[in-house]
Amino acid sequence: MQVGPIGDIEIYNNIAQSKRGMGVQFLFSYTTPEQNPTNAPSGSGVINEDLQIVFHNNVIATPGTTMNGRNTVQIRGLHVIDNILANNGLLFTNMTTETIDVWKSQALNNNVLLYSDLYQKSIDLKIADYINGDYRVAFDSPLINAGLGSKFTFDYCGYKNWYNTVCPIGPYMGKYKSDAIDDDPITLVSISINDGDYTTRDAKVKVSLNYQARQLVTESVKVLTLLMSLGRISLLVEL
């Protein structure tokens, strides 16, 4: 993966896996005005703290270094958050020591492992099939609720987060279940249209779902809250 920023950039929900090479090659250059706005001469070691590059909720798994810079313009605004990163033991290379130290300080809450350990780690982390690039996680994977979630909004499959305070590491949200929430059955008793009318000429109809359920109480979770043991939900549908 090559990244040459000319503005702020957010990179998320990607799976980059290879049996050789590095994960990310940054394209930094003195000749790129967005990276070197003062047109400082080559070799001057100009520092750019304005451009922001955010990697979050990705998988980057290669036998080389995870992210290789280009030791020209020192772009300091790299943030690496909530990713699964498999490498050769080197997270960042080919920038000044000072810049790499800044990058390390902004690398937060990643699951970092050796590429050579990926087989065993995929078992421990309950990843589906990493060999074929399938990084979906089991419902009880430690990755499901381990993320900071500072940038997470939806996962690789396009699913939005169901829980307000539960976010994953990596691109897959998974099927998380909180132990604090009871699973209780809801039984659909009957469905009626327009309160039982056999026909209608109106384009709008009322659909009533009659259900039976035990009382449920939910906290900070986006699920339907049922406050009666017997009830009715009515919907207006336009045909």
# chains A, B, ... in the order shown; residues from 1 in each chain; ligands from 1

$ select_by_dssp --residues "stretch 80-120 of chain A" --states "alpha helix (DSSP H)" --output "PyMOL selection string"
chain A and resi 97-105+118-120

$ residues_around --residues "A:Asn83" --least-positions-apart "2" --cutoff "9 Å" --atoms "only C-alpha atoms" --output "JSON, numbers by chain"
{"A": [12, 55, 56, 57, 58, 59, 60, 80, 81, 85, 108, 109, 110, 111, 112, 147, 169, 170, 171]}

$ select_by_dssp --residues "stretch 50-130 of chain A" --states "strand (DSSP E or B)" --output "PyMOL selection string"
chain A and resi 50-56+59-61+67-68+74-81+84-87+92-93+107-108+111-114+127-129

$ write_last_selection --atoms "C-alpha atoms" --output "PDB file, in the first residue's frame"
ATOM      1  CA  ASP A  50      -0.160  19.992   9.745  1.00  0.00           C
ATOM      2  CA  LEU A  51      -0.905  16.966   7.554  1.00  0.00           C
ATOM      3  CA  GLN A  52      -2.789  14.279   9.468  1.00  0.00           C
ATOM      4  CA  ILE A  53      -2.785  10.603   8.433  1.00  0.00           C
ATOM      5  CA  VAL A  54      -5.064   8.327  10.459  1.00  0.00           C
ATOM      6  CA  PHE A  55      -4.980   4.531  10.109  1.00  0.00           C
ATOM      7  CA  HIS A  56      -7.691   2.830  12.147  1.00  0.00           C
ATOM      8  CA  VAL A  59      -5.401  -5.396   9.117  1.00  0.00           C
ATOM      9  CA  ILE A  60      -1.834  -4.981   7.856  1.00  0.00           C
ATOM     10  CA  ALA A  61      -0.051  -8.344   7.820  1.00  0.00           C
ATOM     11  CA  MET A  67       5.081   1.322   7.758  1.00  0.00           C
ATOM     12  CA  ASN A  68       8.149   2.585   5.921  1.00  0.00           C
ATOM     13  CA  GLN A  74       9.249  14.811   8.349  1.00  0.00           C
ATOM     14  CA  ILE A  75       5.473  14.438   8.468  1.00  0.00           C
ATOM     15  CA  ARG A  76       4.650  14.024  12.136  1.00  0.00           C
ATOM     16  CA  GLY A  77       0.835  13.645  12.058  1.00  0.00           C
ATOM     17  CA  LEU A  78       0.619   9.863  11.739  1.00  0.00           C
ATOM     18  CA  HIS A  79      -1.952   8.211  14.027  1.00  0.00           C
ATOM     19  CA  VAL A  80      -2.316   4.409  14.064  1.00  0.00           C
ATOM     20  CA  ILE A  81      -5.270   3.242  16.180  1.00  0.00           C
ATOM     21  CA  ILE A  84      -4.237  -5.639  13.721  1.00  0.00           C
ATOM     22  CA  LEU A  85      -0.569  -5.376  12.702  1.00  0.00           C
ATOM     23  CA  ALA A  86       1.649  -8.369  11.896  1.00  0.00           C
ATOM     24  CA  ASN A  87       5.264  -7.596  10.999  1.00  0.00           C
ATOM     25  CA  PHE A  92       8.050   2.183  11.701  1.00  0.00           C
ATOM     26  CA  THR A  93      11.281   2.682   9.743  1.00  0.00           C
ATOM     27  CA  ALA A 107       0.177   4.491  17.832  1.00  0.00           C
ATOM     28  CA  LEU A 108      -2.610   3.548  20.229  1.00  0.00           C
ATOM     29  CA  ASN A 111      -2.827  -5.605  18.358  1.00  0.00           C
ATOM     30  CA  VAL A 112       0.774  -6.028  17.189  1.00  0.00           C
ATOM     31  CA  LEU A 113       2.290  -9.460  16.583  1.00  0.00           C
ATOM     32  CA  LEU A 114       5.061 -11.121  14.640  1.00  0.00           C
ATOM     33  CA  ILE A 127     -10.006 -15.115  13.571  1.00  0.00           C
ATOM     34  CA  ALA A 128     -11.896 -17.041  10.883  1.00  0.00           C
ATOM     35  CA  ASP A 129      -9.349 -17.820   8.138  1.00  0.00           C
TER      36      ASP A 129
END

$ residues_around --residues "stretch 121-126 of chain A" --least-positions-apart "5" --cutoff "10 Å" --atoms "only C-alpha atoms" --output "list in words"
Ala86, Asn111, Leu113, Leu114, Tyr115, Ser116, Ile131, Tyr135, Arg136, Val137, Ala138, Phe139, Asp140, Ser141, Pro142, Leu143 and Ile144 of chain A

$ write_last_selection --atoms "N, CA and C atoms" --output "compact mmCIF listing (two decimals), in the first residue's frame"
# COMPACT_ATOMS: atom_id res chain seq x y z
N ALA A 86 0.68 -7.28 11.84
CA ALA A 86 1.65 -8.37 11.90
C ALA A 86 2.87 -7.96 11.08
N ASN A 111 -3.24 -4.24 18.05
CA ASN A 111 -2.83 -5.60 18.36
C ASN A 111 -1.65 -5.93 17.44
N LEU A 113 1.72 -8.13 16.43
CA LEU A 113 2.29 -9.46 16.58
C LEU A 113 3.29 -9.72 15.47
N LEU A 114 4.12 -10.72 15.67
CA LEU A 114 5.06 -11.12 14.64
C LEU A 114 4.32 -11.86 13.53
N TYR A 115 4.72 -11.59 12.31
CA TYR A 115 4.10 -12.28 11.17
C TYR A 115 4.27 -13.79 11.29
N SER A 116 5.43 -14.22 11.82
CA SER A 116 5.69 -15.65 11.98
C SER A 116 4.78 -16.30 13.01
N ILE A 131 -5.42 -17.13 6.45
CA ILE A 131 -4.65 -17.58 5.28
C ILE A 131 -5.31 -17.08 4.00
N TYR A 135 -10.64 -12.13 8.02
CA TYR A 135 -10.33 -11.72 9.38
C TYR A 135 -11.59 -11.48 10.21
N ARG A 136 -12.69 -12.09 9.82
CA ARG A 136 -13.87 -12.02 10.68
C ARG A 136 -13.57 -12.71 12.01
N VAL A 137 -14.17 -12.21 13.07
CA VAL A 137 -13.86 -12.74 14.40
C VAL A 137 -15.08 -13.43 15.00
N ALA A 138 -14.82 -14.41 15.86
CA ALA A 138 -15.89 -15.12 16.55
C ALA A 138 -16.56 -14.20 17.56
N PHE A 139 -17.76 -14.61 18.00
CA PHE A 139 -18.53 -13.76 18.92
C PHE A 139 -17.80 -13.53 20.23
N ASP A 140 -16.91 -14.46 20.62
CA ASP A 140 -16.20 -14.32 21.89
C ASP A 140 -14.73 -14.00 21.69
N SER A 141 -14.38 -13.46 20.54
CA SER A 141 -13.00 -13.04 20.29
C SER A 141 -12.65 -11.85 21.19
N PRO A 142 -11.44 -11.82 21.73
CA PRO A 142 -11.04 -10.67 22.54
C PRO A 142 -10.93 -9.37 21.74
N LEU A 143 -10.97 -9.46 20.41
CA LEU A 143 -10.87 -8.26 19.58
C LEU A 143 -12.19 -7.49 19.50
N ILE A 144 -13.31 -8.15 19.77
CA ILE A 144 -14.62 -7.56 19.52
C ILE A 144 -14.85 -6.29 20.33

$ residues_around --residues "A:Ser192" --least-positions-apart "4" --cutoff "9 Å" --atoms "only C-alpha atoms" --output "PyMOL selection string"
chain A and resi 196-197+206-210

$ write_last_selection --atoms "N, CA and C atoms" --output "compact mmCIF listing (two decimals), in the first residue's frame"
# COMPACT_ATOMS: atom_id res chain seq x y z
N GLY A 196 -58.12 -5.70 10.61
CA GLY A 196 -58.88 -6.88 10.20
C GLY A 196 -59.72 -6.71 8.96
N ASP A 197 -59.72 -5.53 8.31
CA ASP A 197 -60.50 -5.36 7.07
C ASP A 197 -59.99 -6.33 6.01
N LYS A 206 -52.55 0.18 7.60
CA LYS A 206 -51.99 0.04 8.94
C LYS A 206 -51.72 -1.43 9.20
N VAL A 207 -50.47 -1.74 9.52
CA VAL A 207 -50.07 -3.10 9.83
C VAL A 207 -49.82 -3.20 11.33
N SER A 208 -50.54 -4.08 12.00
CA SER A 208 -50.40 -4.24 13.45
C SER A 208 -49.76 -5.59 13.76
N LEU A 209 -48.71 -5.55 14.56
CA LEU A 209 -48.02 -6.76 14.99
C LEU A 209 -48.35 -6.98 16.46
N ASN A 210 -49.03 -8.03 16.78
CA ASN A 210 -49.37 -8.36 18.16
C ASN A 210 -48.35 -9.36 18.69

$ closest_residue --among "A:Leu27, A:Ile193, A:Leu90, A:Ala40" --to "A:Gly69" --atoms "only C-alpha atoms"
A:Leu27

$ closest_residue --among "A:Asn48, A:Asn13, A:Thr99, A:Gln2" --to "A:Thr32" --atoms "only C-alpha atoms"
A:Asn48
